[in-house]
file data-v3.cif (mmCIF, C-alpha atoms)
data_protein
loop_
_atom_site.group_PDB
_atom_site.id
_atom_site.type_symbol
_atom_site.label_atom_id
_atom_site.label_comp_id
_atom_site.auth_asym_id
_atom_site.auth_seq_id
_atom_site.Cartn_x
_atom_site.Cartn_y
_atom_site.Cartn_z
ATOM 1 C CA MET A 19 -23.342 12.461 1.486
ATOM 2 C CA GLY A 20 -25.695 11.349 -1.266
ATOM 3 C CA PHE A 21 -27.201 11.946 -4.656
ATOM 4 C CA SER A 22 -30.151 14.024 -5.768
ATOM 5 C CA GLN A 23 -31.878 13.734 -9.120
ATOM 6 C CA THR A 24 -33.794 16.461 -10.956
ATOM 7 C CA LYS A 25 -34.759 17.267 -14.509
ATOM 8 C CA ASP A 26 -34.170 20.646 -16.141
ATOM 9 C CA ALA A 27 -36.718 22.515 -18.285
ATOM 10 C CA ASN A 28 -35.395 20.844 -21.450
ATOM 11 C CA GLY A 29 -35.654 17.332 -20.068
ATOM 12 C CA VAL A 30 -31.990 16.762 -19.182
ATOM 13 C CA THR A 31 -31.542 14.487 -16.162
ATOM 14 C CA VAL A 32 -29.328 16.212 -13.592
ATOM 15 C CA LEU A 33 -27.655 14.118 -10.892
ATOM 16 C CA GLN A 34 -25.968 16.032 -8.113
ATOM 17 C CA VAL A 35 -23.210 14.384 -6.051
ATOM 18 C CA GLU A 36 -23.194 15.747 -2.514
ATOM 19 C CA GLY A 37 -20.068 15.066 -0.440
ATOM 20 C CA GLN A 38 -17.944 12.366 -2.007
ATOM 21 C CA LEU A 39 -17.962 9.896 -4.869
ATOM 22 C CA ILE A 40 -15.885 7.031 -3.548
ATOM 23 C CA VAL A 41 -15.568 3.258 -3.388
ATOM 24 C CA GLY A 42 -18.348 3.155 -0.775
ATOM 25 C CA ASN A 43 -21.094 4.832 -2.843
ATOM 26 C CA ARG A 44 -20.062 4.577 -6.493
ATOM 27 C CA GLN A 45 -22.438 1.629 -7.105
ATOM 28 C CA GLU A 46 -25.375 3.747 -5.971
ATOM 29 C CA LEU A 47 -24.573 6.342 -8.646
ATOM 30 C CA LYS A 48 -24.134 3.635 -11.290
ATOM 31 C CA ASP A 49 -27.531 2.184 -10.323
ATOM 32 C CA LEU A 50 -29.191 5.620 -10.508
ATOM 33 C CA VAL A 51 -27.807 6.205 -14.005
ATOM 34 C CA GLN A 52 -28.790 2.729 -15.134
ATOM 35 C CA ALA A 53 -32.347 3.314 -13.871
ATOM 36 C CA ALA A 54 -32.502 6.632 -15.735
ATOM 37 C CA VAL A 55 -31.232 5.007 -18.952
ATOM 38 C CA ASP A 56 -33.722 2.162 -18.546
ATOM 39 C CA LYS A 57 -36.500 4.755 -18.298
ATOM 40 C CA GLY A 58 -35.380 6.208 -21.630
ATOM 41 C CA GLU A 59 -33.302 9.161 -20.425
ATOM 42 C CA ARG A 60 -30.498 9.873 -22.873
ATOM 43 C CA ARG A 61 -29.103 13.237 -21.777
ATOM 44 C CA ILE A 62 -27.513 13.103 -18.344
ATOM 45 C CA LEU A 63 -25.526 15.753 -16.491
ATOM 46 C CA ILE A 64 -23.601 14.932 -13.330
ATOM 47 C CA ASP A 65 -23.118 18.051 -11.211
ATOM 48 C CA PHE A 66 -20.129 18.091 -8.836
ATOM 49 C CA SER A 67 -20.682 21.607 -7.453
ATOM 50 C CA LYS A 68 -21.240 20.154 -3.984
ATOM 51 C CA THR A 69 -18.592 17.411 -4.210
ATOM 52 C CA GLY A 70 -15.473 17.519 -2.051
ATOM 53 C CA TYR A 71 -13.709 14.415 -3.244
ATOM 54 C CA ILE A 72 -13.743 11.728 -5.938
ATOM 55 C CA ASP A 73 -11.486 8.699 -5.529
ATOM 56 C CA SER A 74 -10.137 6.440 -8.260
ATOM 57 C CA SER A 75 -13.109 4.086 -7.840
ATOM 58 C CA GLY A 76 -15.410 7.058 -8.402
ATOM 59 C CA LEU A 77 -13.455 8.010 -11.511
ATOM 60 C CA GLY A 78 -13.748 4.414 -12.723
ATOM 61 C CA ALA A 79 -17.493 4.453 -12.074
ATOM 62 C CA LEU A 80 -17.802 7.576 -14.232
ATOM 63 C CA VAL A 81 -15.940 5.805 -17.050
ATOM 64 C CA SER A 82 -18.359 2.874 -16.969
ATOM 65 C CA ILE A 83 -21.383 5.184 -16.632
ATOM 66 C CA SER A 84 -20.199 7.121 -19.668
ATOM 67 C CA LYS A 85 -19.857 3.889 -21.665
ATOM 68 C CA ARG A 86 -23.329 2.721 -20.653
ATOM 69 C CA ILE A 87 -24.932 6.002 -21.724
ATOM 70 C CA ARG A 88 -22.987 6.060 -24.994
ATOM 71 C CA GLU A 89 -24.004 2.493 -25.795
ATOM 72 C CA ALA A 90 -27.641 3.522 -25.286
ATOM 73 C CA GLY A 91 -27.141 6.337 -27.794
ATOM 74 C CA GLY A 92 -27.044 9.062 -25.161
ATOM 75 C CA GLU A 93 -24.619 11.637 -23.866
ATOM 76 C CA LEU A 94 -23.048 12.333 -20.469
ATOM 77 C CA ARG A 95 -21.747 15.714 -19.394
ATOM 78 C CA LEU A 96 -19.924 16.650 -16.190
ATOM 79 C CA ALA A 97 -19.849 20.058 -14.500
ATOM 80 C CA GLY A 98 -18.980 21.947 -11.345
ATOM 81 C CA LEU A 99 -15.607 20.305 -10.584
ATOM 82 C CA ASN A 100 -13.478 22.363 -8.216
ATOM 83 C CA GLU A 101 -9.784 22.936 -8.944
ATOM 84 C CA ASP A 102 -8.606 19.911 -6.932
ATOM 85 C CA LEU A 103 -11.091 17.538 -8.550
ATOM 86 C CA ARG A 104 -10.320 18.923 -11.975
ATOM 87 C CA SER A 105 -6.644 18.135 -11.326
ATOM 88 C CA LEU A 106 -7.534 14.456 -10.754
ATOM 89 C CA PHE A 107 -9.210 14.307 -14.176
ATOM 90 C CA GLU A 108 -6.174 15.968 -15.754
ATOM 91 C CA LEU A 109 -3.651 13.688 -14.017
ATOM 92 C CA THR A 110 -5.519 10.597 -15.200
ATOM 93 C CA LYS A 111 -6.182 12.158 -18.632
ATOM 94 C CA LEU A 112 -9.891 11.551 -18.124
ATOM 95 C CA ASP A 113 -10.431 15.194 -19.053
ATOM 96 C CA THR A 114 -9.891 13.978 -22.622
ATOM 97 C CA LEU A 115 -12.608 11.337 -22.284
ATOM 98 C CA PHE A 116 -15.416 13.440 -20.795
ATOM 99 C CA SER A 117 -17.312 16.542 -21.797
ATOM 100 C CA ILE A 118 -16.582 18.800 -18.799
ATOM 101 C CA ALA A 119 -18.131 22.240 -18.325
ATOM 102 C CA GLU A 120 -17.236 24.820 -15.681
ATOM 103 C CA THR A 121 -20.795 25.170 -14.411
ATOM 104 C CA PRO A 122 -24.029 23.162 -14.677
ATOM 105 C CA GLN A 123 -25.580 26.101 -16.532
ATOM 106 C CA GLN A 124 -22.856 25.962 -19.188
ATOM 107 C CA ALA A 125 -23.244 22.203 -19.499
ATOM 108 C CA LEU A 126 -27.005 22.481 -19.913
ATOM 109 C CA SER A 127 -26.717 25.184 -22.523
ATOM 110 C CA GLY A 128 -27.334 23.534 -25.867
ATOM 111 C CA PHE A 129 -27.561 20.036 -24.330
ATOM 112 C CA MET B 14 -22.262 2.415 15.851
ATOM 113 C CA THR B 15 -19.086 2.353 17.955
ATOM 114 C CA SER B 16 -16.052 3.145 15.850
ATOM 115 C CA PRO B 17 -13.648 0.205 15.546
ATOM 116 C CA LEU B 18 -10.776 2.535 14.583
ATOM 117 C CA LEU B 19 -7.776 2.360 16.911
ATOM 118 C CA LEU B 20 -5.851 5.632 16.857
ATOM 119 C CA CYS B 21 -2.615 6.379 18.681
ATOM 120 C CA VAL B 22 -0.769 9.705 18.492
ATOM 121 C CA ARG B 23 2.646 10.060 20.140
ATOM 122 C CA ARG B 24 4.435 13.394 20.205
ATOM 123 C CA SER B 25 8.247 13.302 20.102
ATOM 124 C CA PRO B 26 8.503 9.505 20.276
ATOM 125 C CA ALA B 27 12.189 9.666 19.289
ATOM 126 C CA SER B 28 13.777 6.363 18.281
ATOM 127 C CA ASP B 29 10.988 4.195 16.844
ATOM 128 C CA ALA B 30 9.853 6.844 14.368
ATOM 129 C CA GLY B 31 13.297 7.530 12.991
ATOM 130 C CA GLY B 32 13.507 10.827 14.837
ATOM 131 C CA ALA B 33 10.027 11.928 13.813
ATOM 132 C CA GLY B 34 8.371 14.686 15.778
ATOM 133 C CA THR B 35 5.110 12.803 15.918
ATOM 134 C CA LEU B 36 4.051 9.261 15.221
ATOM 135 C CA VAL B 37 0.419 8.620 14.286
ATOM 136 C CA THR B 38 -0.811 5.048 14.053
ATOM 137 C CA LEU B 39 -4.267 3.860 13.146
ATOM 138 C CA ARG B 40 -5.688 0.360 12.815
ATOM 139 C CA LEU B 41 -8.941 -0.239 10.977
ATOM 140 C CA PRO B 42 -10.939 -3.294 9.907
ATOM 141 C CA SER B 43 -11.215 -4.155 6.209
ATOM 142 C CA ASP B 44 -14.533 -2.394 5.684
ATOM 143 C CA ILE B 45 -14.696 0.381 3.085
ATOM 144 C CA SER B 46 -17.271 2.280 5.120
ATOM 145 C CA TRP B 47 -14.511 3.303 7.579
ATOM 146 C CA ILE B 48 -12.163 4.789 4.983
ATOM 147 C CA GLU B 49 -13.587 8.311 5.143
ATOM 148 C CA GLU B 50 -13.335 8.550 8.940
ATOM 149 C CA ALA B 51 -9.874 6.962 8.971
ATOM 150 C CA VAL B 52 -8.577 9.434 6.385
ATOM 151 C CA GLU B 53 -10.063 12.382 8.266
ATOM 152 C CA LEU B 54 -8.443 11.270 11.530
ATOM 153 C CA VAL B 55 -4.987 10.638 10.107
ATOM 154 C CA VAL B 56 -4.923 13.789 7.973
ATOM 155 C CA ARG B 57 -6.041 15.923 10.910
ATOM 156 C CA HIS B 58 -3.293 14.590 13.172
ATOM 157 C CA CYS B 59 -0.639 14.700 10.438
ATOM 158 C CA LEU B 60 -1.264 18.373 9.763
ATOM 159 C CA ALA B 61 -1.968 19.573 13.308
ATOM 160 C CA GLY B 62 0.347 22.379 14.363
ATOM 161 C CA HIS B 63 1.859 22.837 10.892
ATOM 162 C CA GLN B 64 1.349 25.549 8.322
ATOM 163 C CA THR B 65 -0.098 23.534 5.456
ATOM 164 C CA THR B 66 -1.263 24.452 1.991
ATOM 165 C CA LYS B 67 -4.661 23.360 0.723
ATOM 166 C CA LYS B 68 -2.829 21.371 -1.950
ATOM 167 C CA THR B 69 -0.830 19.347 0.596
ATOM 168 C CA ARG B 70 -4.011 18.536 2.527
ATOM 169 C CA PHE B 71 -5.739 17.419 -0.667
ATOM 170 C CA ARG B 72 -2.761 15.293 -1.753
ATOM 171 C CA LEU B 73 -2.559 13.584 1.618
ATOM 172 C CA GLN B 74 -6.300 12.943 1.599
ATOM 173 C CA VAL B 75 -6.192 11.454 -1.908
ATOM 174 C CA VAL B 76 -3.181 9.186 -1.440
ATOM 175 C CA LEU B 77 -4.333 7.921 1.928
ATOM 176 C CA SER B 78 -7.820 7.154 0.596
ATOM 177 C CA GLU B 79 -6.344 5.311 -2.379
ATOM 178 C CA ALA B 80 -3.874 3.327 -0.284
ATOM 179 C CA LEU B 81 -6.583 2.334 2.227
ATOM 180 C CA SER B 82 -8.971 1.379 -0.542
ATOM 181 C CA ASN B 83 -6.299 -0.783 -2.198
ATOM 182 C CA ALA B 84 -5.382 -2.404 1.130
ATOM 183 C CA ILE B 85 -8.986 -3.173 2.103
ATOM 184 C CA VAL B 86 -10.360 -4.252 -1.281
ATOM 185 C CA ARG B 87 -7.392 -5.767 -3.093
ATOM 186 C CA GLY B 88 -5.082 -6.635 -0.201
ATOM 187 C CA ASN B 89 -7.479 -8.015 2.398
ATOM 188 C CA GLY B 90 -10.349 -8.821 0.016
ATOM 189 C CA GLU B 91 -12.764 -6.943 2.326
ATOM 190 C CA ASN B 92 -12.376 -9.690 4.910
ATOM 191 C CA THR B 93 -13.430 -7.822 8.061
ATOM 192 C CA GLU B 94 -11.402 -10.164 10.226
ATOM 193 C CA LYS B 95 -8.268 -8.721 8.653
ATOM 194 C CA TRP B 96 -6.819 -5.357 9.615
ATOM 195 C CA VAL B 97 -5.125 -2.481 7.875
ATOM 196 C CA ASP B 98 -2.426 -0.535 9.712
ATOM 197 C CA VAL B 99 -1.516 3.072 9.037
ATOM 198 C CA ARG B 100 1.690 4.514 10.429
ATOM 199 C CA ALA B 101 2.471 8.163 9.755
ATOM 200 C CA GLU B 102 5.876 9.539 10.708
ATOM 201 C CA LEU B 103 5.884 13.307 10.843
ATOM 202 C CA LEU B 104 9.246 14.979 10.401
ATOM 203 C CA SER B 105 9.876 18.696 10.158
ATOM 204 C CA ASP B 106 10.024 18.681 6.371
ATOM 205 C CA THR B 107 8.276 15.453 5.342
ATOM 206 C CA ILE B 108 5.304 13.251 6.057
ATOM 207 C CA ARG B 109 5.932 9.533 5.606
ATOM 208 C CA VAL B 110 2.873 7.284 5.603
ATOM 209 C CA HIS B 111 2.962 3.469 5.614
ATOM 210 C CA VAL B 112 -0.213 1.491 4.865
ATOM 211 C CA THR B 113 0.021 -2.259 5.469
ATOM 212 C CA ASP B 114 -2.546 -4.980 4.880
ATOM 213 C CA GLU B 115 -2.644 -8.680 5.742
ATOM 214 C CA GLY B 116 -2.909 -9.840 2.140
ATOM 215 C CA PRO B 117 -0.385 -11.846 0.120
ATOM 216 C CA GLY B 118 0.988 -8.715 -1.542
ATOM 217 C CA PHE B 119 1.322 -7.844 -5.217
ATOM 218 C CA ASP B 120 3.937 -6.778 -7.727
ATOM 219 C CA PRO B 121 3.427 -3.037 -8.356
ATOM 220 C CA GLY B 122 5.496 -3.359 -11.520
ATOM 221 C CA LEU B 123 2.699 -5.425 -13.102
ATOM 222 C CA VAL B 124 0.025 -2.730 -12.743
ATOM 223 C CA PRO B 125 -0.710 -1.364 -16.227
ATOM 224 C CA ASP B 126 -0.323 2.343 -16.956
ATOM 225 C CA PRO B 127 -3.933 3.646 -16.875
ATOM 226 C CA VAL B 128 -3.346 6.653 -19.122
ATOM 227 C CA THR B 129 -2.359 4.731 -22.251
ATOM 228 C CA PRO B 130 -5.002 4.839 -24.999
ATOM 229 C CA GLU B 131 -5.734 1.104 -24.450
ATOM 230 C CA GLN B 132 -6.341 1.563 -20.705
ATOM 231 C CA LEU B 133 -7.941 5.014 -20.645
ATOM 232 C CA ASP B 134 -11.540 3.823 -20.810
ATOM 233 C CA THR B 135 -11.172 0.949 -18.362
ATOM 234 C CA SER B 136 -12.939 1.385 -15.048
ATOM 235 C CA GLY B 137 -10.124 0.373 -12.659
ATOM 236 C CA GLY B 138 -6.409 0.694 -12.018
ATOM 237 C CA ARG B 139 -5.992 4.417 -11.312
ATOM 238 C CA GLY B 140 -5.347 4.318 -7.552
ATOM 239 C CA LEU B 141 -1.643 3.513 -7.557
ATOM 240 C CA TYR B 142 -1.109 5.838 -10.525
ATOM 241 C CA LEU B 143 -2.664 8.738 -8.604
ATOM 242 C CA ILE B 144 -0.539 7.953 -5.558
ATOM 243 C CA ARG B 145 2.637 7.982 -7.647
ATOM 244 C CA LYS B 146 1.642 11.304 -9.222
ATOM 245 C CA LEU B 147 0.783 13.036 -5.953
ATOM 246 C CA VAL B 148 3.632 12.122 -3.587
ATOM 247 C CA ASP B 149 7.380 12.641 -3.811
ATOM 248 C CA SER B 150 8.287 8.966 -3.456
ATOM 249 C CA VAL B 151 6.594 5.566 -3.237
ATOM 250 C CA GLU B 152 8.177 2.360 -1.977
ATOM 251 C CA PHE B 153 6.824 -1.130 -1.292
ATOM 252 C CA ASN B 154 8.119 -3.813 1.015
ATOM 253 C CA GLU B 155 9.396 -7.015 -0.553
ATOM 254 C CA GLN B 156 6.109 -8.882 -0.057
ATOM 255 C CA GLY B 157 4.132 -6.059 -1.685
ATOM 256 C CA ASN B 158 1.586 -5.712 1.114
ATOM 257 C CA SER B 159 2.950 -2.469 2.550
ATOM 258 C CA ILE B 160 3.270 0.857 0.756
ATOM 259 C CA CYS B 161 5.343 3.776 2.023
ATOM 260 C CA MET B 162 4.442 7.207 0.637
ATOM 261 C CA THR B 163 6.567 10.276 1.328
ATOM 262 C CA LEU B 164 5.370 13.842 0.868
ATOM 263 C CA ARG B 165 7.659 16.824 1.355
ATOM 264 C CA ARG B 166 6.035 19.674 3.207
ATOM 265 C CA PRO B 167 6.117 22.873 1.102
#

call {"tool": "encode", "arguments": {"input": "data-v3.cif", "output": "structure tokens"}}
result
Amino acid sequence: MGFSQTKDANGVTVLQVEGQLIVGNRQELKDLVQAAVDKGERRILIDFSKTGYIDSSGLGALVSISKRIREAGGELRLAGLNEDLRSLFELTKLDTLFSIAETPQQALSGF
Amino acid sequence: MTSPLLLCVRRSPASDAGGAGTLVTLRLPSDISWIEEAVELVVRHCLAGHQTTKKTRFRLQVVLSEALSNAIVRGNGENTEKWVDVRAELLSDTIRVHVTDEGPGFDPGLVPDPVTPEQLDTSGGRGLYLIRKLVDSVEFNEQGNSICMTLRRP
């Protein structure tokens, strides 16, 4: 379980969530995003292709991360959610709040 | 690190589980780092020997994680000297899971609806909402420190 950070050819910061995004590690992701924003990164993609579960604390962390990036004049995109995870976003109507792409490639296209 | 989780599984315990085929109990300290293992243990024993859909497994995993998180963080205030008790009663057609903390309890009726436009971009308050959406019924004890979630098996 953890996070990995890369940058694509166009300079978009890509954070991959491996395992789970839950109450026990959400702060780590928030800190990673804050550090990226502090360094001047403004386009951030969070890739959930390797994520099995996101709890409500993780969803809440994404809401505050999104706000932080927006306030800095940047943009957050999400991608790679499996059907179960996607259903959590739909149930909580957070699918209306985030830009969600099927795959990281689709999210990066035109970012 | 030695696991502090106390698991007990009783097949066909008869009277004290309301006629349940299996009674699974688990006690864990109020430390969020044990939630994942606790959920895995309870879900595995709840579903053992039953034909289960992927959706039922996911629902059980989500609601148990949310209830444990609420009990540890909000109920017991992450005081590791306080415990959280899980009791799962497995009947032929339903799974009934109780999660009880040692906190003062709360009034579930006062939790705001997180999907209203005013609440949508707040960072908290989705746990109980998700539980209500994913199980067939939710009940609290009078004190508000014990939740009972019932899922019908498909």

call {"tool": "axis_aligned_box", "arguments": {"input": "data-v3.cif", "around": "region 130-148 of chain B", "padding_each_side": "6 Å", "output": "lines of an AutoDock Vina configuration file"}}
result
center_x = -4.7
center_y = 6.7
center_z = -14.3
size_x = 28.6
size_y = 24.7
size_z = 33.4

call {"tool": "closest_atom_pairs", "arguments": {"input": "data-v3.cif", "of": "chain B", "to": "chain A", "cutoff": "10 Å", "atoms": "all atoms listed in the file", "output": "CSV"}}
result
residue,atom,partner,partner_atom,distance
B:Asp44,CA,A:Gly42,CA,9.3
B:Ile45,CA,A:Gly42,CA,6.0
B:Ser46,CA,A:Gly42,CA,6.1
B:Trp47,CA,A:Gly42,CA,9.2
B:Ile48,CA,A:Gly42,CA,8.6
B:Glu49,CA,A:Ile40,CA,9.1
B:Lys67,CA,A:Asp102,CA,9.3
B:Lys68,CA,A:Asp102,CA,7.8
B:Phe71,CA,A:Asp102,CA,7.3
B:Arg72,CA,A:Asp102,CA,9.1
B:Gln74,CA,A:Tyr71,CA,9.0
B:Val75,CA,A:Asp73,CA,7.0
B:Val76,CA,A:Asp73,CA,9.3
B:Ser78,CA,A:Asp73,CA,7.3
B:Glu79,CA,A:Asp73,CA,6.9
B:Ser82,CA,A:Val41,CA,7.4
B:Val86,CA,A:Val41,CA,9.4
B:Asp126,CA,A:Thr110,CA,9.9
B:Pro127,CA,A:Thr110,CA,7.3
B:Val128,CA,A:Thr110,CA,6.0
B:Thr129,CA,A:Lys111,CA,9.1
B:Pro130,CA,A:Lys111,CA,9.8
B:Leu133,CA,A:Leu112,CA,7.3
B:Asp134,CA,A:Val81,CA,6.1
B:Thr135,CA,A:Val81,CA,6.9
B:Ser136,CA,A:Gly78,CA,3.9
B:Gly137,CA,A:Gly78,CA,5.4
B:Gly138,CA,A:Ser74,CA,7.8
B:Arg139,CA,A:Ser74,CA,5.5
B:Gly140,CA,A:Ser74,CA,5.3
B:Leu141,CA,A:Ser74,CA,9.0
B:Tyr142,CA,A:Thr110,CA,8.0
B:Leu143,CA,A:Leu109,CA,7.4
B:Lys146,CA,A:Leu109,CA,7.5
B:Leu147,CA,A:Leu109,CA,9.2

call {"tool": "resolve_selection", "arguments": {"input": "data-v3.cif", "expression": "the PyMOL selection byres ((chain A and resi 120) around 9)", "output": "number ranges by chain"}}
result
A: 96-100, 118-119, 121-125

call {"tool": "resolve_selection", "arguments": {"input": "data-v3.cif", "expression": "the PyMOL selection byres ((chain B and resi 94) around 10)", "output": "MDAnalysis selection string"}}
result
chainID B and resid 42:44 89 91:93 95:96 115

call {"tool": "atom_distance", "arguments": {"input": "data-v3.cif", "atom1": "CA of Thr66 (chain B)", "atom2": "CA of Leu164 (chain B)"}}
result
12.6 Å

call {"tool": "atom_distance", "arguments": {"input": "data-v3.cif", "atom1": "CA of Glu53 (chain B)", "atom2": "CA of Pro167 (chain B)"}}
result
20.6 Å

call {"tool": "residues_around", "arguments": {"input": "data-v3.cif", "residues": "Thr113 (chain B)", "least_positions_apart": "4", "cutoff": "8 Å", "atoms": "only C-alpha atoms", "output": "number ranges by chain"}}
result
B: 84, 97-99, 158-160

call {"tool": "closest_residue", "arguments": {"input": "data-v3.cif", "among": "A:Ile87, A:Ala53, A:Ile62, A:Leu94", "to": "Gly29 (chain A)", "atoms": "all atoms listed in the file"}}
result
A:Ile62

call {"tool": "build_atoms", "arguments": {"input": "data-v3.cif", "residues": "region 22-38 of chain A", "atoms": "N, CA and C atoms", "output": "PDB file, in the frame of the given file"}}
result
ATOM      1  N   SER A  22     -28.788  13.545  -5.526  1.00  0.00           N
ATOM      2  CA  SER A  22     -30.151  14.024  -5.768  1.00  0.00           C
ATOM      3  C   SER A  22     -30.360  14.086  -7.272  1.00  0.00           C
ATOM      4  N   GLN A  23     -31.585  13.821  -7.690  1.00  0.00           N
ATOM      5  CA  GLN A  23     -31.878  13.734  -9.120  1.00  0.00           C
ATOM      6  C   GLN A  23     -32.996  14.702  -9.478  1.00  0.00           C
ATOM      7  N   THR A  24     -32.763  15.530 -10.488  1.00  0.00           N
ATOM      8  CA  THR A  24     -33.794  16.461 -10.956  1.00  0.00           C
ATOM      9  C   THR A  24     -33.797  16.421 -12.482  1.00  0.00           C
ATOM     10  N   LYS A  25     -34.722  17.172 -13.056  1.00  0.00           N
ATOM     11  CA  LYS A  25     -34.759  17.267 -14.509  1.00  0.00           C
ATOM     12  C   LYS A  25     -34.882  18.741 -14.873  1.00  0.00           C
ATOM     13  N   ASP A  26     -34.086  19.223 -15.806  1.00  0.00           N
ATOM     14  CA  ASP A  26     -34.170  20.646 -16.141  1.00  0.00           C
ATOM     15  C   ASP A  26     -35.325  20.874 -17.125  1.00  0.00           C
ATOM     16  N   ALA A  27     -35.556  22.149 -17.469  1.00  0.00           N
ATOM     17  CA  ALA A  27     -36.718  22.515 -18.285  1.00  0.00           C
ATOM     18  C   ALA A  27     -36.702  21.837 -19.653  1.00  0.00           C
ATOM     19  N   ASN A  28     -35.500  21.481 -20.133  1.00  0.00           N
ATOM     20  CA  ASN A  28     -35.395  20.844 -21.450  1.00  0.00           C
ATOM     21  C   ASN A  28     -35.344  19.321 -21.390  1.00  0.00           C
ATOM     22  N   GLY A  29     -35.581  18.791 -20.193  1.00  0.00           N
ATOM     23  CA  GLY A  29     -35.654  17.332 -20.068  1.00  0.00           C
ATOM     24  C   GLY A  29     -34.334  16.636 -19.809  1.00  0.00           C
ATOM     25  N   VAL A  30     -33.281  17.394 -19.495  1.00  0.00           N
ATOM     26  CA  VAL A  30     -31.990  16.762 -19.182  1.00  0.00           C
ATOM     27  C   VAL A  30     -32.024  16.270 -17.728  1.00  0.00           C
ATOM     28  N   THR A  31     -31.624  15.027 -17.525  1.00  0.00           N
ATOM     29  CA  THR A  31     -31.542  14.487 -16.162  1.00  0.00           C
ATOM     30  C   THR A  31     -30.284  15.033 -15.492  1.00  0.00           C
ATOM     31  N   VAL A  32     -30.465  15.649 -14.324  1.00  0.00           N
ATOM     32  CA  VAL A  32     -29.328  16.212 -13.592  1.00  0.00           C
ATOM     33  C   VAL A  32     -29.151  15.448 -12.286  1.00  0.00           C
ATOM     34  N   LEU A  33     -27.977  14.838 -12.137  1.00  0.00           N
ATOM     35  CA  LEU A  33     -27.655  14.118 -10.892  1.00  0.00           C
ATOM     36  C   LEU A  33     -26.613  14.923 -10.134  1.00  0.00           C
ATOM     37  N   GLN A  34     -26.934  15.280  -8.902  1.00  0.00           N
ATOM     38  CA  GLN A  34     -25.968  16.032  -8.113  1.00  0.00           C
ATOM     39  C   GLN A  34     -25.319  15.121  -7.079  1.00  0.00           C
ATOM     40  N   VAL A  35     -23.969  15.193  -7.006  1.00  0.00           N
ATOM     41  CA  VAL A  35     -23.210  14.384  -6.051  1.00  0.00           C
ATOM     42  C   VAL A  35     -22.879  15.272  -4.849  1.00  0.00           C
ATOM     43  N   GLU A  36     -23.440  14.939  -3.714  1.00  0.00           N
ATOM     44  CA  GLU A  36     -23.194  15.747  -2.514  1.00  0.00           C
ATOM     45  C   GLU A  36     -22.210  15.027  -1.597  1.00  0.00           C
ATOM     46  N   GLY A  37     -21.075  15.672  -1.321  1.00  0.00           N
ATOM     47  CA  GLY A  37     -20.068  15.066  -0.440  1.00  0.00           C
ATOM     48  C   GLY A  37     -18.960  14.412  -1.237  1.00  0.00           C
ATOM     49  N   GLN A  38     -19.032  13.087  -1.360  1.00  0.00           N
ATOM     50  CA  GLN A  38     -17.944  12.366  -2.007  1.00  0.00           C
ATOM     51  C   GLN A  38     -18.484  11.322  -2.981  1.00  0.00           C
TER      52      GLN A  38
END
